[in-house]
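K.L.:
See target-v1.csv below, with CSV, C-alpha atoms.
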chain,number,residue,atom,x,y,z
A,55,MET,CA,0.0,0.0,0.0
A,56,GLU,CA,1.5,3.3,-1.0
A,57,ILE,CA,0.8,6.3,1.1
A,58,PRO,CA,-0.6,9.2,-0.8
A,59,PRO,CA,2.1,11.8,-1.2
A,60,SER,CA,1.5,14.6,1.2
A,61,PRO,CA,3.2,17.8,1.9
A,62,GLN,CA,5.7,17.6,4.7
A,63,SER,CA,4.3,19.5,7.7
A,64,SER,CA,6.5,21.9,9.4
A,65,PRO,CA,8.2,20.8,12.6
A,66,ALA,CA,5.9,23.2,14.6
A,67,VAL,CA,2.8,21.6,13.2
A,68,ARG,CA,4.1,18.2,14.0
A,69,GLY,CA,4.9,19.3,17.5
A,70,TRP,CA,1.3,20.5,17.9
A,71,LYS,CA,0.0,17.1,16.7
A,72,LEU,CA,2.2,15.3,19.2
A,73,ALA,CA,0.9,17.7,21.9
A,74,VAL,CA,-2.7,16.7,21.0
A,75,ALA,CA,-1.6,13.0,21.2
A,76,LEU,CA,-0.1,13.5,24.7
A,77,LEU,CA,-3.1,15.5,26.0
A,78,SER,CA,-5.4,12.8,24.8
A,79,LEU,CA,-3.5,10.3,26.8
A,80,ILE,CA,-4.3,12.3,30.0
A,81,GLY,CA,-8.0,12.3,28.9
A,82,LEU,CA,-7.8,8.6,28.3
A,83,ALA,CA,-6.4,7.9,31.8
A,84,ASP,CA,-9.1,10.1,33.3
A,85,SER,CA,-11.9,8.3,31.4
A,86,ILE,CA,-10.6,4.8,32.1
A,87,TYR,CA,-10.5,5.7,35.9
A,88,LEU,CA,-14.1,6.9,35.7
A,89,THR,CA,-15.2,3.9,33.6
A,90,VAL,CA,-13.8,1.4,36.1
A,91,GLN,CA,-15.5,3.4,39.0
A,92,HIS,CA,-18.7,3.2,37.1
A,93,ILE,CA,-18.5,-0.6,36.2
A,94,THR,CA,-17.5,-1.6,39.8
A,95,GLY,CA,-20.4,0.4,41.1
A,96,GLU,CA,-18.3,2.5,43.4
A,97,THR,CA,-19.2,6.1,43.0
A,98,VAL,CA,-16.7,8.5,44.0
A,99,ARG,CA,-16.6,9.9,47.5
A,100,CYS,CA,-18.4,13.2,48.2
A,101,THR,CA,-15.7,15.7,49.1
A,102,ILE,CA,-15.6,19.2,50.6
A,103,VAL,CA,-15.0,20.8,47.2
A,104,SER,CA,-16.6,18.6,44.6
A,105,GLY,CA,-19.9,17.0,43.6
A,106,CYS,CA,-18.5,14.1,41.7
A,107,SER,CA,-20.7,11.4,43.2
A,108,GLU,CA,-23.8,13.5,42.4
A,109,VAL,CA,-22.7,13.9,38.8
A,110,LEU,CA,-21.6,10.3,38.3
A,111,SER,CA,-24.8,8.9,39.9
A,112,SER,CA,-27.0,11.1,37.8
A,113,PRO,CA,-29.0,9.7,34.9
A,114,TYR,CA,-26.8,11.7,32.5
A,115,ALA,CA,-23.8,9.5,33.3
A,116,THR,CA,-25.0,6.8,30.9
A,117,VAL,CA,-26.2,6.9,27.3
A,118,GLY,CA,-28.4,4.0,26.4
A,119,GLY,CA,-26.9,2.0,29.2
A,120,VAL,CA,-23.3,2.7,28.2
A,121,PRO,CA,-21.3,4.7,30.7
A,122,LEU,CA,-20.4,8.1,29.3
A,123,ALA,CA,-16.9,7.6,30.7
A,124,LEU,CA,-16.4,4.6,28.4
A,125,LEU,CA,-17.5,6.7,25.4
A,126,GLY,CA,-15.0,9.3,26.5
A,127,ALA,CA,-12.2,6.7,26.7
A,128,VAL,CA,-13.0,5.5,23.1
A,129,ALA,CA,-13.1,9.2,21.9
A,130,TYR,CA,-9.7,10.0,23.5
A,131,PHE,CA,-8.2,6.8,22.1
A,132,THR,CA,-9.5,7.8,18.7
A,133,VAL,CA,-8.0,11.3,19.0
A,134,PHE,CA,-4.7,9.7,20.2
A,135,SER,CA,-4.6,7.4,17.2
A,136,LEU,CA,-5.4,10.1,14.7
A,137,ALA,CA,-3.0,12.6,16.1
A,138,THR,CA,-0.2,10.1,16.2
A,139,LEU,CA,-0.9,9.1,12.5
A,140,ALA,CA,-1.1,12.8,11.6
A,141,ALA,CA,2.2,13.5,13.3
A,142,PHE,CA,3.8,10.7,11.3
A,143,GLU,CA,2.9,12.3,8.0
A,144,TYR,CA,-0.4,10.5,7.4
A,145,GLN,CA,-1.7,13.9,6.5
A,146,PHE,CA,-5.1,12.8,5.3
A,147,VAL,CA,-6.3,12.0,8.8
A,148,THR,CA,-5.9,15.6,10.0
A,149,ARG,CA,-9.3,16.4,8.7
A,150,LEU,CA,-10.8,13.4,10.4
A,151,LEU,CA,-9.1,14.4,13.6
A,152,ALA,CA,-10.7,17.8,13.3
A,153,ILE,CA,-14.1,16.3,12.9
A,154,VAL,CA,-13.8,14.0,16.0
A,155,VAL,CA,-12.4,16.9,18.1
A,156,GLY,CA,-15.2,19.1,16.9
A,157,LEU,CA,-17.8,16.5,18.1
A,158,MET,CA,-16.0,16.1,21.4
A,159,PHE,CA,-16.0,19.9,21.9
A,160,LEU,CA,-19.7,20.1,21.4
A,161,THR,CA,-20.3,17.1,23.8
A,162,THR,CA,-18.1,18.9,26.3
A,163,LEU,CA,-20.2,22.1,26.1
A,164,TRP,CA,-23.3,20.0,26.6
A,165,LEU,CA,-21.8,18.2,29.7
A,166,LEU,CA,-20.7,21.5,31.2
A,167,TYR,CA,-24.2,22.8,30.7
A,168,LEU,CA,-25.6,19.8,32.5
A,169,GLN,CA,-23.3,20.1,35.4
A,170,ALA,CA,-23.8,23.8,35.8
A,171,PHE,CA,-27.6,24.1,35.3
A,172,VAL,CA,-29.2,20.7,35.6
A,173,ILE,CA,-27.3,18.7,38.2
A,174,GLY,CA,-26.0,21.8,39.9
A,175,GLN,CA,-22.7,20.1,40.9
A,176,PHE,CA,-19.3,19.9,39.3
A,177,CYS,CA,-17.1,16.8,39.2
A,178,GLN,CA,-13.3,17.5,39.1
A,179,TYR,CA,-12.6,14.5,36.9
A,180,CYS,CA,-15.2,15.7,34.4
A,181,LEU,CA,-13.8,19.2,34.6
A,182,LEU,CA,-10.3,17.8,33.9
A,183,SER,CA,-11.7,16.1,30.8
A,184,ALA,CA,-13.5,19.3,29.7
A,185,ALA,CA,-10.3,21.3,30.1
A,186,ILE,CA,-8.3,18.8,28.0
A,187,THR,CA,-10.9,18.7,25.2
A,188,ILE,CA,-11.0,22.5,25.1
A,189,ILE,CA,-7.2,22.7,24.9
A,190,ILE,CA,-7.2,20.0,22.2
A,191,THR,CA,-9.8,21.9,20.2
A,192,LEU,CA,-7.7,25.1,20.3
A,193,ILE,CA,-4.6,23.2,19.2
A,194,THR,CA,-6.5,21.5,16.4
A,195,LEU,CA,-7.8,24.8,15.1
A,196,LEU,CA,-4.2,26.0,15.1
A,197,ILE,CA,-3.1,23.0,13.2
A,198,LEU,CA,-5.9,23.4,10.6
A,199,ARG,CA,-5.0,27.1,10.2
A,200,LYS,CA,-1.3,26.3,9.7
A,201,SER,CA,-2.2,23.5,7.2
A,202,VAL,CA,-4.4,25.8,5.2
A,203,VAL,CA,-1.7,28.5,5.1
A,204,SER,CA,1.0,26.0,4.1
A,205,SER,CA,-1.0,24.3,1.4
A,206,SER,CA,-2.3,27.6,-0.2
B,116,MET,CA,9.7,0.8,9.3
B,117,LYS,CA,8.9,4.4,10.0
B,118,ARG,CA,5.6,3.8,8.3
B,119,PHE,CA,4.5,1.2,10.8
B,120,LEU,CA,5.8,3.0,13.9
B,121,PRO,CA,2.6,5.0,14.6
B,122,PHE,CA,0.6,1.8,14.4
B,123,LEU,CA,2.9,0.1,16.9
B,124,ILE,CA,2.6,3.1,19.2
B,125,ILE,CA,-1.2,3.0,18.9
B,126,LEU,CA,-1.3,-0.7,19.6
B,127,ALA,CA,1.0,-0.3,22.6
B,128,VAL,CA,-1.2,2.5,24.1
B,129,LEU,CA,-4.3,0.3,23.5
B,130,ALA,CA,-2.7,-2.6,25.3
B,131,VAL,CA,-1.6,-0.3,28.2
B,132,ALA,CA,-5.1,1.2,28.4
B,133,VAL,CA,-6.9,-2.1,28.5
B,134,GLY,CA,-4.4,-3.5,30.9
B,135,ALA,CA,-4.7,-0.5,33.3
B,136,GLY,CA,-8.5,-0.8,33.2
B,137,TRP,CA,-8.3,-4.5,33.9
B,138,PHE,CA,-5.9,-3.9,36.8
B,139,LEU,CA,-8.0,-1.2,38.4
B,140,LYS,CA,-11.1,-3.4,38.1
B,141,SER,CA,-9.5,-6.5,39.6
B,142,ARG,CA,-7.9,-4.4,42.4
B,143,SER,CA,-11.3,-3.1,43.4
B,144,SER,CA,-12.5,-6.6,44.2
B,145,GLN,CA,-10.2,-7.0,47.2
B,146,PRO,CA,-10.1,-4.9,50.3
B,147,THR,CA,-7.1,-2.6,50.7
B,148,PRO,CA,-5.4,-3.3,54.0
B,149,LEU,CA,-5.7,-0.7,56.6
B,150,VAL,CA,-2.7,1.5,57.1
B,151,ALA,CA,-1.3,1.0,60.6
B,152,ASP,CA,-2.0,3.9,62.9
B,153,VAL,CA,1.4,3.7,64.6
B,154,PRO,CA,4.3,4.0,62.1
B,155,GLY,CA,6.1,0.7,62.0
B,156,ALA,CA,3.4,-1.3,63.8
B,157,SER,CA,2.6,-4.5,62.2
B,158,PRO,CA,-0.6,-6.5,62.6
B,159,ALA,CA,1.4,-9.1,64.5
B,160,THR,CA,1.9,-6.7,67.4
B,161,PRO,CA,-1.3,-6.4,69.3
B,162,SER,CA,0.1,-3.6,71.4
B,163,SER,CA,-1.1,-1.2,68.8
B,164,THR,CA,-4.7,-2.5,69.2
B,165,PRO,CA,-6.7,0.1,71.0
B,166,GLY,CA,-7.8,-0.8,74.5
B,167,SER,CA,-11.1,-2.6,74.5
B,168,ASN,CA,-12.8,-0.1,76.8
B,169,ALA,CA,-11.8,2.9,74.8
B,170,PRO,CA,-14.9,4.0,72.9
B,171,VAL,CA,-13.3,5.6,69.9
B,172,THR,CA,-9.5,5.4,69.9
B,173,THR,CA,-8.0,8.0,67.8
B,174,LYS,CA,-5.4,10.4,68.8
B,175,ALA,CA,-7.7,13.3,68.1
B,176,ARG,CA,-7.9,15.9,70.8
B,177,GLU,CA,-11.4,16.9,69.5
B,178,PRO,CA,-13.8,14.4,71.1
B,179,GLY,CA,-16.8,15.4,68.9
B,180,ALA,CA,-20.3,15.7,70.2
B,181,ASP,CA,-20.7,14.0,73.5
B,182,PRO,CA,-22.1,11.5,73.9
B,183,PRO,CA,-21.9,10.3,70.3
B,184,HIS,CA,-24.8,8.6,68.6
B,185,SER,CA,-23.9,4.9,68.8
B,186,ILE,CA,-25.2,1.4,68.4
B,187,GLY,CA,-23.5,-1.5,70.2
B,188,PRO,CA,-21.7,-1.8,73.5
B,189,THR,CA,-18.9,0.7,74.3
B,190,ASP,CA,-16.6,-2.1,75.0
B,191,ALA,CA,-17.1,-3.8,71.6
B,192,PRO,CA,-13.7,-5.0,70.2
B,193,VAL,CA,-14.5,-3.2,66.9
B,194,THR,CA,-15.7,0.4,66.7
B,195,LEU,CA,-16.7,1.9,63.4
B,196,GLU,CA,-16.9,5.7,63.4
B,197,GLU,CA,-18.7,7.1,60.3
B,198,PHE,CA,-18.5,10.7,59.2
B,199,GLY,CA,-21.5,11.1,57.0
B,200,ASP,CA,-23.6,13.5,55.1
B,201,PHE,CA,-27.3,12.7,54.6
B,202,GLN,CA,-27.4,14.0,51.1
B,203,CYS,CA,-24.3,12.3,49.8
B,204,PRO,CA,-25.2,9.4,47.5
B,205,PRO,CA,-22.4,7.0,48.6
B,206,CYS,CA,-23.4,7.7,52.2
B,207,GLY,CA,-26.9,6.6,51.3
B,208,GLN,CA,-25.4,3.4,49.7
B,209,LEU,CA,-23.2,2.7,52.8
B,210,HIS,CA,-26.2,2.9,55.1
B,211,PRO,CA,-27.8,-0.5,54.3
B,212,GLU,CA,-24.3,-2.0,54.2
B,213,LEU,CA,-23.6,-0.9,57.8
B,214,LYS,CA,-27.0,-2.1,58.9
B,215,GLN,CA,-26.1,-5.5,57.5
B,216,ILE,CA,-22.8,-5.4,59.4
B,217,ILE,CA,-24.5,-4.4,62.7
B,218,ARG,CA,-27.0,-7.2,62.3
B,219,ALA,CA,-24.3,-9.8,61.5
B,220,TYR,CA,-21.8,-8.9,64.2
B,221,GLY,CA,-24.2,-7.9,67.0
B,222,SER,CA,-22.4,-6.9,70.2
B,223,ARG,CA,-18.9,-7.3,68.7
B,224,VAL,CA,-19.2,-4.1,66.7
B,225,ARG,CA,-20.1,-0.6,67.8
B,226,LEU,CA,-21.1,2.0,65.2
B,227,VAL,CA,-20.7,5.7,65.9
B,228,TYR,CA,-22.3,8.3,63.5
B,229,ARG,CA,-20.7,11.7,63.2
B,230,GLU,CA,-22.3,14.6,61.4
B,231,PHE,CA,-20.2,15.9,58.5
B,232,PRO,CA,-22.7,17.8,56.3
B,233,LEU,CA,-20.8,19.2,53.2
B,234,PRO,CA,-21.5,22.7,51.9
B,235,ALA,CA,-21.9,21.3,48.4
B,236,HIS,CA,-25.2,19.8,49.4
B,237,GLN,CA,-28.0,22.3,49.9
B,238,HIS,CA,-30.1,20.1,52.3
B,239,ALA,CA,-27.3,18.2,54.1
B,240,LEU,CA,-27.3,20.6,57.0
B,241,ALA,CA,-31.1,20.6,57.4
B,242,ALA,CA,-31.0,16.8,57.4
B,243,ALA,CA,-28.3,16.7,60.0
B,244,ARG,CA,-30.3,19.1,62.1
B,245,ALA,CA,-33.4,17.0,61.8
B,246,ALA,CA,-31.6,13.9,62.9
B,247,GLU,CA,-30.0,15.7,65.8
B,248,ALA,CA,-33.4,17.2,66.8
B,249,ALA,CA,-34.9,13.7,66.8
B,250,ALA,CA,-32.0,12.6,69.0
B,251,MET,CA,-33.1,15.1,71.6
B,252,GLN,CA,-36.2,12.9,72.0
B,253,GLY,CA,-34.1,9.7,71.9
B,254,LYS,CA,-34.9,8.8,68.3
B,255,PHE,CA,-31.7,9.6,66.4
B,256,TRP,CA,-31.4,6.2,64.7
B,257,GLU,CA,-35.0,6.1,63.6
B,258,MET,CA,-34.7,9.5,61.9
B,259,HIS,CA,-31.2,8.7,60.6
B,260,GLY,CA,-32.5,5.5,58.9
B,261,LEU,CA,-35.6,7.2,57.5
B,262,ILE,CA,-33.6,10.2,56.0
B,263,PHE,CA,-31.0,7.9,54.4
B,264,GLU,CA,-33.6,5.4,53.1
B,265,THR,CA,-35.6,8.2,51.5
B,266,GLN,CA,-32.6,10.2,50.2
B,267,HIS,CA,-33.9,10.1,46.6
B,268,SER,CA,-37.3,11.5,47.4
B,269,TRP,CA,-36.1,14.7,49.3
B,270,ASN,CA,-32.8,15.2,47.6
B,271,GLU,CA,-34.1,17.6,45.0
B,272,ALA,CA,-37.0,19.1,47.0
B,273,PHE,CA,-37.1,22.8,47.2
B,274,ASP,CA,-37.9,22.9,50.9
B,275,VAL,CA,-37.2,19.9,53.0
B,276,ARG,CA,-38.5,21.2,56.3
B,277,PRO,CA,-42.1,19.9,55.8
B,278,ILE,CA,-40.7,16.5,54.7
B,279,PHE,CA,-38.6,16.1,57.8
B,280,GLU,CA,-41.5,17.3,60.0
B,281,GLU,CA,-43.6,14.6,58.5
B,282,TYR,CA,-40.9,12.0,59.3
B,283,ALA,CA,-40.9,13.4,62.9
B,284,ARG,CA,-44.6,12.7,63.1
B,285,ARG,CA,-44.2,9.3,61.6
B,286,ILE,CA,-41.7,8.1,64.2
B,287,GLY,CA,-43.8,9.5,67.0
B,288,LEU,CA,-41.9,12.6,68.0
B,289,ASP,CA,-43.4,15.7,69.7
B,290,VAL,CA,-43.4,17.8,66.6
B,291,ALA,CA,-43.5,21.2,68.4
B,292,LYS,CA,-40.4,20.2,70.4
B,293,PHE,CA,-38.8,18.9,67.2
B,294,GLU,CA,-39.4,22.2,65.4
B,295,ALA,CA,-38.0,24.1,68.3
B,296,ASP,CA,-34.9,21.9,68.7
B,297,ILE,CA,-34.1,21.8,65.0
B,298,THR,CA,-33.0,25.5,65.1
B,299,GLY,CA,-31.7,25.3,68.6
B,300,THR,CA,-28.1,25.8,69.7
B,301,ARG,CA,-27.7,22.3,71.2
B,302,VAL,CA,-28.2,20.8,67.7
B,303,SER,CA,-25.9,23.4,66.1
B,304,ASN,CA,-23.3,22.7,68.7
B,305,ARG,CA,-23.3,18.9,68.2
B,306,ILE,CA,-22.9,19.3,64.5
B,307,PHE,CA,-20.1,21.8,65.0
B,308,LEU,CA,-18.3,19.5,67.4
B,309,ASP,CA,-18.6,16.5,65.1
B,310,GLN,CA,-17.3,18.5,62.1
B,311,LYS,CA,-14.4,19.9,64.2
B,312,ARG,CA,-13.4,16.3,65.1
B,313,GLY,CA,-13.7,15.3,61.5
B,314,ARG,CA,-11.5,18.1,60.4
B,315,GLU,CA,-8.9,17.2,63.0
B,316,LEU,CA,-8.9,13.6,61.8
B,317,GLY,CA,-8.4,14.8,58.3
B,318,VAL,CA,-11.8,13.9,56.9
B,319,GLN,CA,-11.9,15.3,53.4
B,320,GLY,CA,-15.2,13.8,52.2
B,321,THR,CA,-18.0,11.5,53.0
B,322,PRO,CA,-18.5,8.8,53.8
B,323,THR,CA,-15.3,8.4,55.8
B,324,LEU,CA,-15.2,5.4,58.1
B,325,PHE,CA,-12.7,4.8,60.9
B,326,LEU,CA,-12.2,1.2,62.1
B,327,ASN,CA,-10.7,1.4,65.6
B,328,GLY,CA,-9.3,4.7,64.8
B,329,ARG,CA,-7.8,3.9,61.4
B,330,GLU,CA,-9.4,5.2,58.2
B,331,VAL,CA,-10.9,2.5,56.0
B,332,PRO,CA,-10.0,3.1,52.4
B,333,PHE,CA,-13.0,4.3,50.4
B,334,ASP,CA,-12.9,1.3,48.0
B,335,SER,CA,-13.1,-1.1,51.0
B,336,LEU,CA,-16.5,0.2,52.2
B,337,PRO,CA,-18.8,-2.3,50.5
B,338,ALA,CA,-19.9,-4.8,53.2
B,339,GLN,CA,-18.2,-7.9,51.8
B,340,LYS,CA,-14.8,-6.1,51.9
B,341,LEU,CA,-15.5,-4.4,55.3
B,342,ARG,CA,-16.2,-7.8,56.8
B,343,VAL,CA,-12.7,-9.0,55.9
B,344,LEU,CA,-11.2,-6.0,57.7
B,345,ILE,CA,-13.6,-6.4,60.7
B,346,ASN,CA,-12.7,-10.1,60.9
B,347,ALA,CA,-9.0,-9.3,60.9
B,348,GLU,CA,-9.5,-6.8,63.7
B,349,LEU,CA,-11.6,-9.2,65.7
B,350,ALA,CA,-8.9,-11.9,65.3
B,351,ARG,CA,-6.3,-9.4,66.5
B,352,ALA,CA,-8.4,-8.4,69.5
B,353,GLY,CA,-9.2,-12.0,70.4
B,354,GLY,CA,-5.7,-13.4,69.7
Is it possible to give me this structure as structure tokens?
P.N.:
Amino acid sequence: MEIPPSPQSSPAVRGWKLAVALLSLIGLADSIYLTVQHITGETVRCTIVSGCSEVLSSPYATVGGVPLALLGAVAYFTVFSLATLAAFEYQFVTRLLAIVVGLMFLTTLWLLYLQAFVIGQFCQYCLLSAAITIIITLITLLILRKSVVSSS
Amino acid sequence: MKRFLPFLIILAVLAVAVGAGWFLKSRSSQPTPLVADVPGASPATPSSTPGSNAPVTTKAREPGADPPHSIGPTDAPVTLEEFGDFQCPPCGQLHPELKQIIRAYGSRVRLVYREFPLPAHQHALAAARAAEAAAMQGKFWEMHGLIFETQHSWNEAFDVRPIFEEYARRIGLDVAKFEADITGTRVSNRIFLDQKRGRELGVQGTPTLFLNGREVPFDSLPAQKLRVLINAELARAGG
């Protein structure tokens, strides 16, 4: 199989792609932890600062019986795979990466809305995931912009 | 080779991710051993076992509300001291587990409940006050059980006062006295003292359970794991 010839991305763009891959690993670890908590039925302890157990025991923590954290883990793994491929000059996946990240960003906004206005509690593990997704989104926008500039 | 490198990295990460998930899941099925309260003390040295007539043996200077709400004899070989918040979902889950433990072990276990309402829960303080006000008429555990068992029904209520008043009526309290006590300083003081004790013991969240003065790891709270720890403690005390 021959890889379609693609323009070499600049070292800076490659660095940003690797940054996305590394960030998604943190998100992956976070979601695996939450998935295991969910599967073993151990909600997280209520603490002085957070409302994690409220958020994770709410009906919004599952989608059609599947723990949301597991979907998060799959999403982060997908982002990691695509970003790694993109960093290794498989340029065509960059657009796919942007689509997945875009969907994750919209999901994150929805989940933040649920925590703030529906459940009324914030969970630090969910906030960590939200922060990672927002940073990944910003970096992805940067990568897209640089790619457009370099290809035009 | 370079062409396959990213795929190798991705496969390695997938393997590590699945492995880590598996490890975390299997670890959660065994109780975590208690950390010894005395540095260097091993379970083989019963000298670190708290004296049998000491009700709650922690080195805390804050005694908490006195007398504490407790079930079981003061000289029971095992004392469980729970710091709880009535509106906290895992505390609600722990409640039937502890009931099961009390039923199974009888006079060998003493359970102490400490109020630790968290500011994140809008009705936690009101619930703690209701339980403490019931205690003024000798019915703490009745109210405690009722509040925990109905957690889902008052959790999202706008005003919980009429709900708890109805509970007071249901367990046969003098409702006028209950209403007066619920806002009284004795109730406030007891909650304050329990929280002070909790803070000194380093309680960060709820439920936090101490077994003979040593904190039980959160993942060992389910009854079947707690039993292993209690049995070990009973063996130490009896040996």
K.L.:
Compute the set of chain B residues within 8 Å of chain A, using all atoms listed in the file, and express it as a list of chain:residue names.
P.N.:
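For chain B, the answer reads B:Arg118, B:Pro121, B:Phe122, B:Ile125, B:Leu129, B:Ala132, B:Gly136, B:Leu139, B:Lys140, B:Ser143, B:Cys203, B:Pro204, B:Pro205, B:Leu233, B:Pro234, B:Ala235, B:Gln319, B:Gly320, B:Thr321, B:Pro322, B:Phe333, B:Asp334.
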K.L.:
Env of A:Cys180: 10 Å cut, atoms = only C-alpha atoms, seq-sep filter 2 positions within chain, self excluded. Answer as a PyMOL selection string.
P.N.:
chain A and resi 81+84-85+88+106+109-110+123+162+165-166+169+176-178+182-186
K.L.:
Could you check the closest approach to A:Tyr130 for each of A:Thr116, A:Ser201, A:Thr187, A:Ser78 and tell me which residue wins, using only C-alpha atoms?
P.N.:
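Of all the options, A:Ser78 lies closest to A:Tyr130.
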K.L.:
Rounded to one decimal in Å, what is the spacing between atom CA of B:Tyr282 and atom CA of B:Ser303?
P.N.:
20.0 Å
K.L.:
Record the distance separating atom CA of A:Thr191 and atom CA of A:Val74, expressed in Å with one decimal.
P.N.:
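Distance reported for this atom pair: 8.8 Å.
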K.L.:
Could you check which of A:Leu163, A:Val154, A:Arg199, A:Leu77 is closest to A:Val128, using all atoms listed in the file?
P.N.:
A:Val154
K.L.:
When you look at B:Glu280 with a cut-off of 12 Å (counting all atoms listed in the file), what residues show up, excluding the ones that are within fewer than 4 positions of it in the same chain? I need them as a list in words.
P.N.:
Ala241, Ala242, Arg244, Ala245, Ala246, Ala248, Ala249, Met258, Leu261, Ile262, Asp274, Val275, Arg276, Arg284, Arg285, Ile286, Gly287, Leu288, Asp289, Val290, Ala291, Lys292, Phe293, Glu294, Ala295, Asp296 and Ile297 of chain B
K.L.:
Can I get the selected residues back with C-alpha atoms, as an mmCIF file, in the coordinates of the input?
P.N.:
data_model
loop_
_atom_site.group_PDB
_atom_site.id
_atom_site.type_symbol
_atom_site.label_atom_id
_atom_site.label_comp_id
_atom_site.auth_asym_id
_atom_site.auth_seq_id
_atom_site.Cartn_x
_atom_site.Cartn_y
_atom_site.Cartn_z
ATOM 1 C CA ALA B 241 -31.100 20.600 57.400
ATOM 2 C CA ALA B 242 -31.000 16.800 57.400
ATOM 3 C CA ARG B 244 -30.300 19.100 62.100
ATOM 4 C CA ALA B 245 -33.400 17.000 61.800
ATOM 5 C CA ALA B 246 -31.600 13.900 62.900
ATOM 6 C CA ALA B 248 -33.400 17.200 66.800
ATOM 7 C CA ALA B 249 -34.900 13.700 66.800
ATOM 8 C CA MET B 258 -34.700 9.500 61.900
ATOM 9 C CA LEU B 261 -35.600 7.200 57.500
ATOM 10 C CA ILE B 262 -33.600 10.200 56.000
ATOM 11 C CA ASP B 274 -37.900 22.900 50.900
ATOM 12 C CA VAL B 275 -37.200 19.900 53.000
ATOM 13 C CA ARG B 276 -38.500 21.200 56.300
ATOM 14 C CA ARG B 284 -44.600 12.700 63.100
ATOM 15 C CA ARG B 285 -44.200 9.300 61.600
ATOM 16 C CA ILE B 286 -41.700 8.100 64.200
ATOM 17 C CA GLY B 287 -43.800 9.500 67.000
ATOM 18 C CA LEU B 288 -41.900 12.600 68.000
ATOM 19 C CA ASP B 289 -43.400 15.700 69.700
ATOM 20 C CA VAL B 290 -43.400 17.800 66.600
ATOM 21 C CA ALA B 291 -43.500 21.200 68.400
ATOM 22 C CA LYS B 292 -40.400 20.200 70.400
ATOM 23 C CA PHE B 293 -38.800 18.900 67.200
ATOM 24 C CA GLU B 294 -39.400 22.200 65.400
ATOM 25 C CA ALA B 295 -38.000 24.100 68.300
ATOM 26 C CA ASP B 296 -34.900 21.900 68.700
ATOM 27 C CA ILE B 297 -34.100 21.800 65.000
#
K.L.:
B:Gly221, B:Pro332, B:Gly313, B:Gly253: which is nearest B:Ala180, counting only C-alpha atoms?
P.N.:
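Among the listed residues, the smallest separation from B:Ala180 belongs to B:Gly313.
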K.L.:
By how many Å are atom CA of A:Leu157 and atom CA of A:Ala129 apart?
P.N.:
9.5 Å
K.L.:
I'd like the neighbourhood of B:Leu195 as a PyMOL selection string, where a residue qualifies if any of its atoms comes within 9 Å (using only C-alpha atoms), though same-chain residues fewer than 3 positions away should be ignored.
P.N.:
chain B and resi 171+224-228+324-328
K.L.:
Have a look at B:Glu281, B:Ala127, B:Pro192, B:Gln237 and name the one nearest to B:Arg351; count only C-alpha atoms.
P.N.:
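The answer is B:Pro192, which sits nearest to B:Arg351.
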K.L.:
With distances taken over only C-alpha atoms, which of B:Glu177, B:Glu212, B:Asp190, B:Glu197 is nearest to B:Glu330?
P.N.:
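Of the candidates, the smallest distance to B:Glu330 is held by B:Glu197.
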